[in-house]
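J.: Provided herewith: entry31.cif, mmCIF, N, CA and C atoms.
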data_start
#
loop_
_atom_site.label_atom_id
_atom_site.label_comp_id
_atom_site.auth_asym_id
_atom_site.auth_seq_id
_atom_site.Cartn_x
_atom_site.Cartn_y
_atom_site.Cartn_z
N MET A 193 -56.78 69.81 28.98
CA MET A 193 -56.61 70.68 27.84
C MET A 193 -55.12 71.08 27.73
N ASN A 194 -54.56 70.89 26.54
CA ASN A 194 -53.18 71.26 26.29
C ASN A 194 -53.09 72.72 25.89
N VAL A 195 -52.27 73.45 26.54
CA VAL A 195 -52.04 74.85 26.19
C VAL A 195 -50.57 74.98 25.86
N LYS A 196 -50.30 75.42 24.63
CA LYS A 196 -48.92 75.60 24.21
C LYS A 196 -48.40 76.92 24.76
N LYS A 197 -47.24 76.84 25.33
CA LYS A 197 -46.63 78.04 25.86
C LYS A 197 -45.94 78.78 24.72
N SER A 198 -46.30 80.02 24.54
CA SER A 198 -45.72 80.82 23.47
C SER A 198 -44.43 81.46 23.96
N THR A 199 -43.34 81.11 23.31
CA THR A 199 -42.08 81.72 23.67
C THR A 199 -41.53 82.43 22.44
N LYS A 200 -41.40 83.71 22.55
CA LYS A 200 -40.87 84.49 21.44
C LYS A 200 -39.38 84.70 21.69
N TYR A 201 -38.58 84.27 20.73
CA TYR A 201 -37.14 84.41 20.85
C TYR A 201 -36.75 85.86 20.64
N LYS A 202 -35.93 86.38 21.54
CA LYS A 202 -35.45 87.75 21.40
C LYS A 202 -34.11 87.71 20.69
N ILE A 203 -34.09 88.29 19.51
CA ILE A 203 -32.87 88.30 18.71
C ILE A 203 -31.97 89.43 19.22
N PRO A 204 -30.73 89.09 19.53
CA PRO A 204 -29.82 90.16 19.97
C PRO A 204 -29.69 91.22 18.88
N LEU A 205 -29.64 92.47 19.29
CA LEU A 205 -29.49 93.55 18.33
C LEU A 205 -28.02 93.73 17.98
N PHE A 206 -27.71 93.62 16.72
CA PHE A 206 -26.35 93.84 16.23
C PHE A 206 -26.40 94.08 14.73
N LYS A 207 -25.35 94.64 14.22
CA LYS A 207 -25.21 94.84 12.78
C LYS A 207 -24.37 93.71 12.23
N VAL A 208 -24.71 93.28 11.04
CA VAL A 208 -23.90 92.27 10.36
C VAL A 208 -22.57 92.93 9.99
N PRO A 209 -21.45 92.28 10.24
CA PRO A 209 -20.14 92.90 10.00
C PRO A 209 -19.96 93.43 8.59
N PHE A 210 -19.36 94.59 8.52
CA PHE A 210 -18.99 95.19 7.24
C PHE A 210 -17.62 95.80 7.40
N PRO A 211 -16.68 95.48 6.52
CA PRO A 211 -16.83 94.56 5.39
C PRO A 211 -17.06 93.13 5.86
N PRO A 212 -17.61 92.31 4.97
CA PRO A 212 -17.95 90.93 5.36
C PRO A 212 -16.74 90.20 5.94
N GLU A 213 -16.99 89.48 7.04
CA GLU A 213 -15.93 88.70 7.67
C GLU A 213 -15.87 87.27 7.13
N LEU A 214 -16.85 86.88 6.34
CA LEU A 214 -16.82 85.55 5.74
C LEU A 214 -15.80 85.51 4.62
N THR A 215 -15.14 84.38 4.48
CA THR A 215 -14.21 84.21 3.38
C THR A 215 -14.82 83.27 2.34
N VAL A 216 -14.25 83.29 1.17
CA VAL A 216 -14.70 82.39 0.09
C VAL A 216 -14.59 80.95 0.56
N GLU A 217 -13.48 80.61 1.21
CA GLU A 217 -13.27 79.23 1.66
C GLU A 217 -14.28 78.82 2.73
N GLU A 218 -14.63 79.73 3.64
CA GLU A 218 -15.65 79.41 4.66
C GLU A 218 -16.98 79.07 3.99
N ILE A 219 -17.33 79.86 3.00
CA ILE A 219 -18.60 79.64 2.30
C ILE A 219 -18.58 78.30 1.58
N LEU A 220 -17.48 78.00 0.92
CA LEU A 220 -17.38 76.73 0.18
C LEU A 220 -17.30 75.54 1.12
N ASN A 221 -16.65 75.69 2.26
CA ASN A 221 -16.53 74.59 3.21
C ASN A 221 -17.87 74.22 3.83
N SER A 222 -18.81 75.14 3.82
CA SER A 222 -20.12 74.85 4.40
C SER A 222 -21.03 74.13 3.40
N ARG A 223 -20.53 73.91 2.19
CA ARG A 223 -21.33 73.26 1.14
C ARG A 223 -20.94 71.80 1.00
N SER A 224 -21.92 70.98 0.61
CA SER A 224 -21.63 69.57 0.34
C SER A 224 -20.93 69.45 -1.01
N GLU A 225 -20.35 68.29 -1.27
CA GLU A 225 -19.69 68.04 -2.56
C GLU A 225 -20.64 68.29 -3.74
N ASP A 226 -21.89 67.85 -3.59
CA ASP A 226 -22.87 68.03 -4.67
C ASP A 226 -23.14 69.50 -4.93
N LYS A 227 -23.14 70.31 -3.87
CA LYS A 227 -23.42 71.74 -4.03
C LYS A 227 -22.28 72.47 -4.71
N LEU A 228 -21.09 71.89 -4.76
CA LEU A 228 -19.98 72.53 -5.44
C LEU A 228 -20.23 72.60 -6.94
N LYS A 229 -21.14 71.80 -7.42
CA LYS A 229 -21.48 71.83 -8.84
C LYS A 229 -22.59 72.85 -9.12
N SER A 230 -23.21 73.37 -8.08
CA SER A 230 -24.28 74.36 -8.22
C SER A 230 -23.69 75.77 -8.26
N ARG A 231 -24.55 76.71 -8.60
CA ARG A 231 -24.13 78.11 -8.60
C ARG A 231 -23.80 78.56 -7.19
N ALA A 232 -23.05 79.62 -7.12
CA ALA A 232 -22.68 80.21 -5.82
C ALA A 232 -23.92 80.81 -5.18
N PRO A 233 -23.94 80.90 -3.85
CA PRO A 233 -25.06 81.56 -3.19
C PRO A 233 -25.07 83.04 -3.57
N ASN A 234 -26.27 83.60 -3.69
CA ASN A 234 -26.35 85.02 -4.04
C ASN A 234 -25.99 85.89 -2.85
N ARG A 235 -25.97 87.19 -3.07
CA ARG A 235 -25.50 88.11 -2.03
C ARG A 235 -26.36 88.07 -0.78
N TYR A 236 -27.65 87.88 -0.93
CA TYR A 236 -28.53 87.81 0.23
C TYR A 236 -28.25 86.55 1.07
N LEU A 237 -28.06 85.43 0.40
CA LEU A 237 -27.77 84.19 1.14
C LEU A 237 -26.43 84.28 1.88
N ILE A 238 -25.46 84.95 1.29
CA ILE A 238 -24.19 85.15 1.97
C ILE A 238 -24.38 86.08 3.17
N TYR A 239 -25.21 87.09 3.01
CA TYR A 239 -25.53 88.00 4.12
C TYR A 239 -26.16 87.21 5.27
N ARG A 240 -27.06 86.28 4.93
CA ARG A 240 -27.68 85.42 5.96
C ARG A 240 -26.61 84.60 6.68
N LEU A 241 -25.67 84.04 5.92
CA LEU A 241 -24.58 83.28 6.53
C LEU A 241 -23.77 84.16 7.49
N ALA A 242 -23.51 85.40 7.07
CA ALA A 242 -22.76 86.34 7.92
C ALA A 242 -23.55 86.66 9.18
N PHE A 243 -24.87 86.83 9.03
CA PHE A 243 -25.72 87.09 10.20
C PHE A 243 -25.64 85.92 11.17
N LEU A 244 -25.79 84.71 10.65
CA LEU A 244 -25.77 83.52 11.49
C LEU A 244 -24.43 83.33 12.19
N LYS A 245 -23.35 83.62 11.48
CA LYS A 245 -22.02 83.52 12.08
C LYS A 245 -21.92 84.49 13.26
N GLU A 246 -22.39 85.71 13.06
CA GLU A 246 -22.34 86.72 14.12
C GLU A 246 -23.27 86.36 15.28
N LEU A 247 -24.44 85.80 14.95
CA LEU A 247 -25.39 85.39 15.99
C LEU A 247 -24.79 84.31 16.88
N ARG A 248 -24.08 83.36 16.26
CA ARG A 248 -23.45 82.27 17.03
C ARG A 248 -22.37 82.79 17.98
N LYS A 249 -21.76 83.92 17.62
CA LYS A 249 -20.75 84.51 18.51
C LYS A 249 -21.42 85.09 19.76
N ARG A 250 -22.68 85.48 19.63
CA ARG A 250 -23.37 86.20 20.69
C ARG A 250 -24.28 85.35 21.56
N THR A 251 -24.66 84.18 21.08
CA THR A 251 -25.57 83.33 21.85
C THR A 251 -25.30 81.87 21.58
N ASP A 252 -25.58 81.05 22.57
CA ASP A 252 -25.44 79.61 22.42
C ASP A 252 -26.76 78.97 21.99
N ASP A 253 -27.83 79.77 21.96
CA ASP A 253 -29.14 79.24 21.60
C ASP A 253 -29.16 78.75 20.16
N ASN A 254 -29.83 77.65 19.95
CA ASN A 254 -30.02 77.12 18.60
C ASN A 254 -31.36 77.64 18.10
N VAL A 255 -31.33 78.64 17.24
CA VAL A 255 -32.54 79.32 16.80
C VAL A 255 -32.95 78.80 15.43
N SER A 256 -34.24 78.52 15.26
CA SER A 256 -34.70 78.05 13.96
C SER A 256 -34.76 79.22 12.99
N MET A 257 -34.47 78.93 11.75
CA MET A 257 -34.47 79.97 10.72
C MET A 257 -35.85 80.60 10.55
N THR A 258 -36.90 79.83 10.79
CA THR A 258 -38.24 80.39 10.64
C THR A 258 -38.49 81.51 11.65
N LYS A 259 -37.80 81.45 12.77
CA LYS A 259 -37.99 82.50 13.79
C LYS A 259 -37.21 83.76 13.49
N ILE A 260 -36.12 83.65 12.75
CA ILE A 260 -35.31 84.84 12.52
C ILE A 260 -35.25 85.29 11.06
N SER A 261 -35.83 84.52 10.17
CA SER A 261 -35.75 84.81 8.75
C SER A 261 -36.29 86.20 8.39
N SER A 262 -37.44 86.56 8.93
CA SER A 262 -38.02 87.87 8.60
C SER A 262 -37.15 89.00 9.15
N HIS A 263 -36.52 88.76 10.29
CA HIS A 263 -35.63 89.77 10.86
C HIS A 263 -34.42 90.00 9.94
N ILE A 264 -33.83 88.92 9.46
CA ILE A 264 -32.67 89.04 8.56
C ILE A 264 -33.09 89.76 7.28
N SER A 265 -34.25 89.40 6.77
CA SER A 265 -34.76 90.04 5.55
C SER A 265 -34.93 91.55 5.74
N SER A 266 -35.50 91.95 6.86
CA SER A 266 -35.69 93.38 7.15
C SER A 266 -34.34 94.09 7.23
N MET A 267 -33.39 93.45 7.88
CA MET A 267 -32.06 94.05 7.98
C MET A 267 -31.45 94.24 6.60
N TRP A 268 -31.60 93.22 5.74
CA TRP A 268 -31.03 93.27 4.40
C TRP A 268 -31.61 94.44 3.61
N PHE A 269 -32.91 94.61 3.67
CA PHE A 269 -33.54 95.69 2.91
C PHE A 269 -33.21 97.08 3.45
N ASN A 270 -32.72 97.15 4.66
CA ASN A 270 -32.31 98.43 5.23
C ASN A 270 -30.82 98.72 5.07
N GLU A 271 -30.09 97.79 4.48
CA GLU A 271 -28.65 97.99 4.29
C GLU A 271 -28.40 98.97 3.13
N THR A 272 -27.25 99.60 3.18
CA THR A 272 -26.87 100.56 2.13
C THR A 272 -26.44 99.81 0.87
N THR A 273 -26.36 100.55 -0.21
CA THR A 273 -25.90 99.98 -1.48
C THR A 273 -24.47 99.47 -1.35
N ALA A 274 -23.64 100.19 -0.62
CA ALA A 274 -22.24 99.78 -0.44
C ALA A 274 -22.16 98.41 0.23
N ILE A 275 -22.98 98.19 1.25
CA ILE A 275 -22.97 96.91 1.95
C ILE A 275 -23.49 95.80 1.04
N ARG A 276 -24.57 96.08 0.35
CA ARG A 276 -25.12 95.08 -0.58
C ARG A 276 -24.12 94.73 -1.67
N ASP A 277 -23.43 95.75 -2.17
CA ASP A 277 -22.42 95.51 -3.22
C ASP A 277 -21.25 94.69 -2.70
N ALA A 278 -20.88 94.89 -1.44
CA ALA A 278 -19.79 94.09 -0.87
C ALA A 278 -20.17 92.62 -0.83
N TYR A 279 -21.40 92.32 -0.47
CA TYR A 279 -21.85 90.93 -0.44
C TYR A 279 -22.02 90.38 -1.85
N LYS A 280 -22.38 91.23 -2.79
CA LYS A 280 -22.46 90.81 -4.19
C LYS A 280 -21.07 90.45 -4.69
N ASN A 281 -20.09 91.27 -4.34
CA ASN A 281 -18.71 91.01 -4.73
C ASN A 281 -18.23 89.69 -4.16
N LEU A 282 -18.56 89.42 -2.91
CA LEU A 282 -18.18 88.16 -2.28
C LEU A 282 -18.84 86.98 -3.00
N SER A 283 -20.09 87.14 -3.40
CA SER A 283 -20.79 86.10 -4.16
C SER A 283 -20.08 85.83 -5.48
N GLU A 284 -19.65 86.89 -6.14
CA GLU A 284 -18.93 86.73 -7.41
C GLU A 284 -17.59 86.03 -7.20
N GLN A 285 -16.91 86.34 -6.10
CA GLN A 285 -15.65 85.66 -5.78
C GLN A 285 -15.87 84.17 -5.55
N VAL A 286 -16.96 83.83 -4.89
CA VAL A 286 -17.29 82.42 -4.65
C VAL A 286 -17.56 81.73 -5.98
N GLU A 287 -18.31 82.39 -6.87
CA GLU A 287 -18.60 81.81 -8.18
C GLU A 287 -17.31 81.60 -8.97
N ASN A 288 -16.41 82.55 -8.92
CA ASN A 288 -15.13 82.41 -9.62
C ASN A 288 -14.33 81.23 -9.07
N ARG A 289 -14.33 81.08 -7.76
CA ARG A 289 -13.61 79.95 -7.15
C ARG A 289 -14.26 78.62 -7.53
N LEU A 290 -15.59 78.60 -7.56
CA LEU A 290 -16.29 77.37 -7.98
C LEU A 290 -15.94 77.02 -9.42
N THR A 291 -15.83 78.02 -10.26
CA THR A 291 -15.46 77.79 -11.66
C THR A 291 -14.06 77.18 -11.73
N GLU A 292 -13.13 77.71 -10.94
CA GLU A 292 -11.78 77.14 -10.89
C GLU A 292 -11.81 75.68 -10.45
N ILE A 293 -12.58 75.39 -9.43
CA ILE A 293 -12.67 74.02 -8.90
C ILE A 293 -13.24 73.09 -9.97
N ARG A 294 -14.29 73.54 -10.64
CA ARG A 294 -14.91 72.70 -11.68
C ARG A 294 -13.95 72.44 -12.82
N GLN A 295 -13.22 73.48 -13.23
CA GLN A 295 -12.26 73.31 -14.33
C GLN A 295 -11.15 72.36 -13.94
N LYS A 296 -10.70 72.46 -12.71
CA LYS A 296 -9.63 71.58 -12.22
C LYS A 296 -10.11 70.13 -12.20
N GLU A 297 -11.37 69.91 -11.83
CA GLU A 297 -11.92 68.55 -11.77
C GLU A 297 -12.14 67.96 -13.15
N ASN A 298 -12.29 68.81 -14.16
CA ASN A 298 -12.60 68.32 -15.50
C ASN A 298 -11.38 68.27 -16.42
N LEU A 299 -10.17 68.41 -15.86
CA LEU A 299 -8.97 68.35 -16.67
C LEU A 299 -8.79 66.96 -17.27
N VAL A 300 -8.40 66.93 -18.51
CA VAL A 300 -8.11 65.66 -19.18
C VAL A 300 -6.73 65.79 -19.80
N PHE A 301 -5.84 64.89 -19.45
CA PHE A 301 -4.50 64.90 -20.00
C PHE A 301 -4.38 63.75 -21.00
N ILE A 302 -3.57 63.96 -22.01
CA ILE A 302 -3.35 62.93 -23.01
C ILE A 302 -2.07 62.18 -22.62
N ASN A 303 -2.21 60.86 -22.45
CA ASN A 303 -1.05 60.02 -22.15
C ASN A 303 -0.15 59.90 -23.38
N LYS A 304 1.03 59.36 -23.20
CA LYS A 304 1.98 59.19 -24.30
C LYS A 304 1.39 58.32 -25.40
N ASP A 305 0.48 57.40 -25.05
CA ASP A 305 -0.12 56.53 -26.06
C ASP A 305 -1.38 57.16 -26.67
N ASN A 306 -1.57 58.49 -26.45
CA ASN A 306 -2.69 59.28 -26.98
C ASN A 306 -4.05 58.91 -26.43
N SER A 307 -4.10 58.21 -25.29
CA SER A 307 -5.39 57.92 -24.67
C SER A 307 -5.68 58.97 -23.61
N PRO A 308 -6.95 59.43 -23.51
CA PRO A 308 -7.28 60.45 -22.51
C PRO A 308 -7.20 59.89 -21.10
N SER A 309 -6.80 60.72 -20.20
CA SER A 309 -6.69 60.33 -18.79
C SER A 309 -7.33 61.44 -17.97
N GLY A 310 -8.45 61.14 -17.32
CA GLY A 310 -9.11 62.16 -16.48
C GLY A 310 -8.34 62.34 -15.19
N ILE A 311 -8.09 63.57 -14.86
CA ILE A 311 -7.37 63.89 -13.63
C ILE A 311 -8.31 64.65 -12.72
N THR A 312 -8.46 64.20 -11.49
CA THR A 312 -9.26 64.91 -10.50
C THR A 312 -8.37 65.26 -9.33
N ASP A 313 -8.93 65.96 -8.35
CA ASP A 313 -8.16 66.35 -7.17
C ASP A 313 -7.54 65.15 -6.47
N ASN A 314 -8.21 64.00 -6.52
CA ASN A 314 -7.75 62.82 -5.80
C ASN A 314 -6.66 62.07 -6.55
N ASN A 315 -6.53 62.32 -7.84
CA ASN A 315 -5.51 61.63 -8.65
C ASN A 315 -4.32 62.54 -8.82
N GLN A 316 -3.19 61.93 -9.06
CA GLN A 316 -2.00 62.74 -9.31
C GLN A 316 -1.44 62.38 -10.66
N CYS A 317 -0.93 63.39 -11.33
CA CYS A 317 -0.33 63.18 -12.66
C CYS A 317 1.09 62.64 -12.45
N SER A 318 1.43 61.61 -13.21
CA SER A 318 2.78 61.05 -13.04
C SER A 318 3.60 61.29 -14.28
#
Kindly present the structure from the file in structure tokens form.

T.:
Amino acid sequence: MNVKKSTKYKIPLFKVPFPPELTVEEILNSRSEDKLKSRAPNRYLIYRLAFLKELRKRTDDNVSMTKISSHISSMWFNETTAIRDAYKNLSEQVENRLTEIRQKENLVFINKDNSPSGITDNNQCS
């Protein structure tokens, strides 16, 4: 008879840093190229990223999100309005940066012969 050993992961007790220690660039660097075309993560998802970053500083264990998701959610609902607003502000900053990136990728310059020339980050204007 197989008996599964139940191991409950003990989550270290800590507060998610405030003000947020995540930067706009850190958040964007964790996204794939395809995700750069999507909306920015909302304030709760950024809070989760901040929690995970702090958790990694405190433990080497690789914890599945299913084991800690409810804990992060409980922490989020117990945060003050000021903390929630700070993460909302960070989400808005990420969205603004994504908008800049998208606009830069969609630039079209007109050549001297009046033909359009698409310019992306990988191309250079001569």

J.: I need the residue set behind the PyMOL selection byres (((chain A and resi 280 and name CA) around 10) and name CA) for this file; please write it as a short mmCIF file (atom, residue, chain, number, x, y, z; two decimals) with N, CA and C atoms, in the frame of the given file.

T.:
data_model
loop_
_atom_site.label_atom_id
_atom_site.label_comp_id
_atom_site.auth_asym_id
_atom_site.auth_seq_id
_atom_site.Cartn_x
_atom_site.Cartn_y
_atom_site.Cartn_z
N PRO A 233 -23.94 80.90 -3.85
CA PRO A 233 -25.06 81.56 -3.19
C PRO A 233 -25.07 83.04 -3.57
N ASN A 234 -26.27 83.60 -3.69
CA ASN A 234 -26.35 85.02 -4.04
C ASN A 234 -25.99 85.89 -2.85
N ARG A 235 -25.97 87.19 -3.07
CA ARG A 235 -25.50 88.11 -2.03
C ARG A 235 -26.36 88.07 -0.78
N TYR A 236 -27.65 87.88 -0.93
CA TYR A 236 -28.53 87.81 0.23
C TYR A 236 -28.25 86.55 1.07
N ILE A 238 -25.46 84.95 1.29
CA ILE A 238 -24.19 85.15 1.97
C ILE A 238 -24.38 86.08 3.17
N TYR A 239 -25.21 87.09 3.01
CA TYR A 239 -25.53 88.00 4.12
C TYR A 239 -26.16 87.21 5.27
N ALA A 274 -23.64 100.19 -0.62
CA ALA A 274 -22.24 99.78 -0.44
C ALA A 274 -22.16 98.41 0.23
N ILE A 275 -22.98 98.19 1.25
CA ILE A 275 -22.97 96.91 1.95
C ILE A 275 -23.49 95.80 1.04
N ARG A 276 -24.57 96.08 0.35
CA ARG A 276 -25.12 95.08 -0.58
C ARG A 276 -24.12 94.73 -1.67
N ASP A 277 -23.43 95.75 -2.17
CA ASP A 277 -22.42 95.51 -3.22
C ASP A 277 -21.25 94.69 -2.70
N ALA A 278 -20.88 94.89 -1.44
CA ALA A 278 -19.79 94.09 -0.87
C ALA A 278 -20.17 92.62 -0.83
N TYR A 279 -21.40 92.32 -0.47
CA TYR A 279 -21.85 90.93 -0.44
C TYR A 279 -22.02 90.38 -1.85
N ASN A 281 -20.09 91.27 -4.34
CA ASN A 281 -18.71 91.01 -4.73
C ASN A 281 -18.23 89.69 -4.16
N LEU A 282 -18.56 89.42 -2.91
CA LEU A 282 -18.18 88.16 -2.28
C LEU A 282 -18.84 86.98 -3.00
N SER A 283 -20.09 87.14 -3.40
CA SER A 283 -20.79 86.10 -4.16
C SER A 283 -20.08 85.83 -5.48
N GLU A 284 -19.65 86.89 -6.14
CA GLU A 284 -18.93 86.73 -7.41
C GLU A 284 -17.59 86.03 -7.20
N GLN A 285 -16.91 86.34 -6.10
CA GLN A 285 -15.65 85.66 -5.78
C GLN A 285 -15.87 84.17 -5.55
N VAL A 286 -16.96 83.83 -4.89
CA VAL A 286 -17.29 82.42 -4.65
C VAL A 286 -17.56 81.73 -5.98
#

J.: Can you translate the PyMOL selection byres (((chain A and resi 213-222 and name CA) around 9) and name CA) into the concrete residues it hits in this file, as a VMD selection string?

T.: chain A and resid 209 to 212 223 to 224 227 to 228 232 to 233 238 241 to 242 245 282 to 283 285 to 286 289 to 290

J.: Quick one, how far is atom CA of Leu237 of chain A from atom C of Ile293 of chain A?

T.: 21.4 Å

J.: Can you tell me how far atom CA of Thr272 of chain A sits from atom CA of Leu244 of chain A, in Å to one decimal?

T.: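 Calculated distance between atom CA of Thr272 of chain A and atom CA of Leu244 of chain A is 19.5 Å.
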
J.: Using only C-alpha atoms, pick whichever of A:Thr273, A:Thr258, A:Arg231, A:His263 has the shortest atom-to-atom distance to Ile203 of chain A.

T.: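 Closest to Ile203 of chain A of all the choices is A:His263.
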
J.: Go through A:Val208, A:Glu292, A:Lys259, A:Asn270 and flag the residue nearest Leu247 of chain A, using all atoms listed in the file for the distances.

T.: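 Nearest to Leu247 of chain A: A:Val208.
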
J.: Tell me, which residues of segment 219-271 of chain A carry DSSP helix (DSSP H, G or I), written as JSON, numbers by chain?

T.: {"A": [219, 220, 221, 226, 227, 228, 229, 235, 236, 237, 238, 239, 240, 241, 242, 243, 244, 245, 246, 247, 248, 249, 250, 257, 258, 259, 260, 261, 262, 263, 264, 265, 266, 267, 268, 269]}

J.: Please compute the atom C of Lys229 of chain A-atom CA of Val255 of chain A distance, one decimal, in Å.

T.: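 Taking atom C of Lys229 of chain A and atom CA of Val255 of chain A, their separation equals 28.5 Å.
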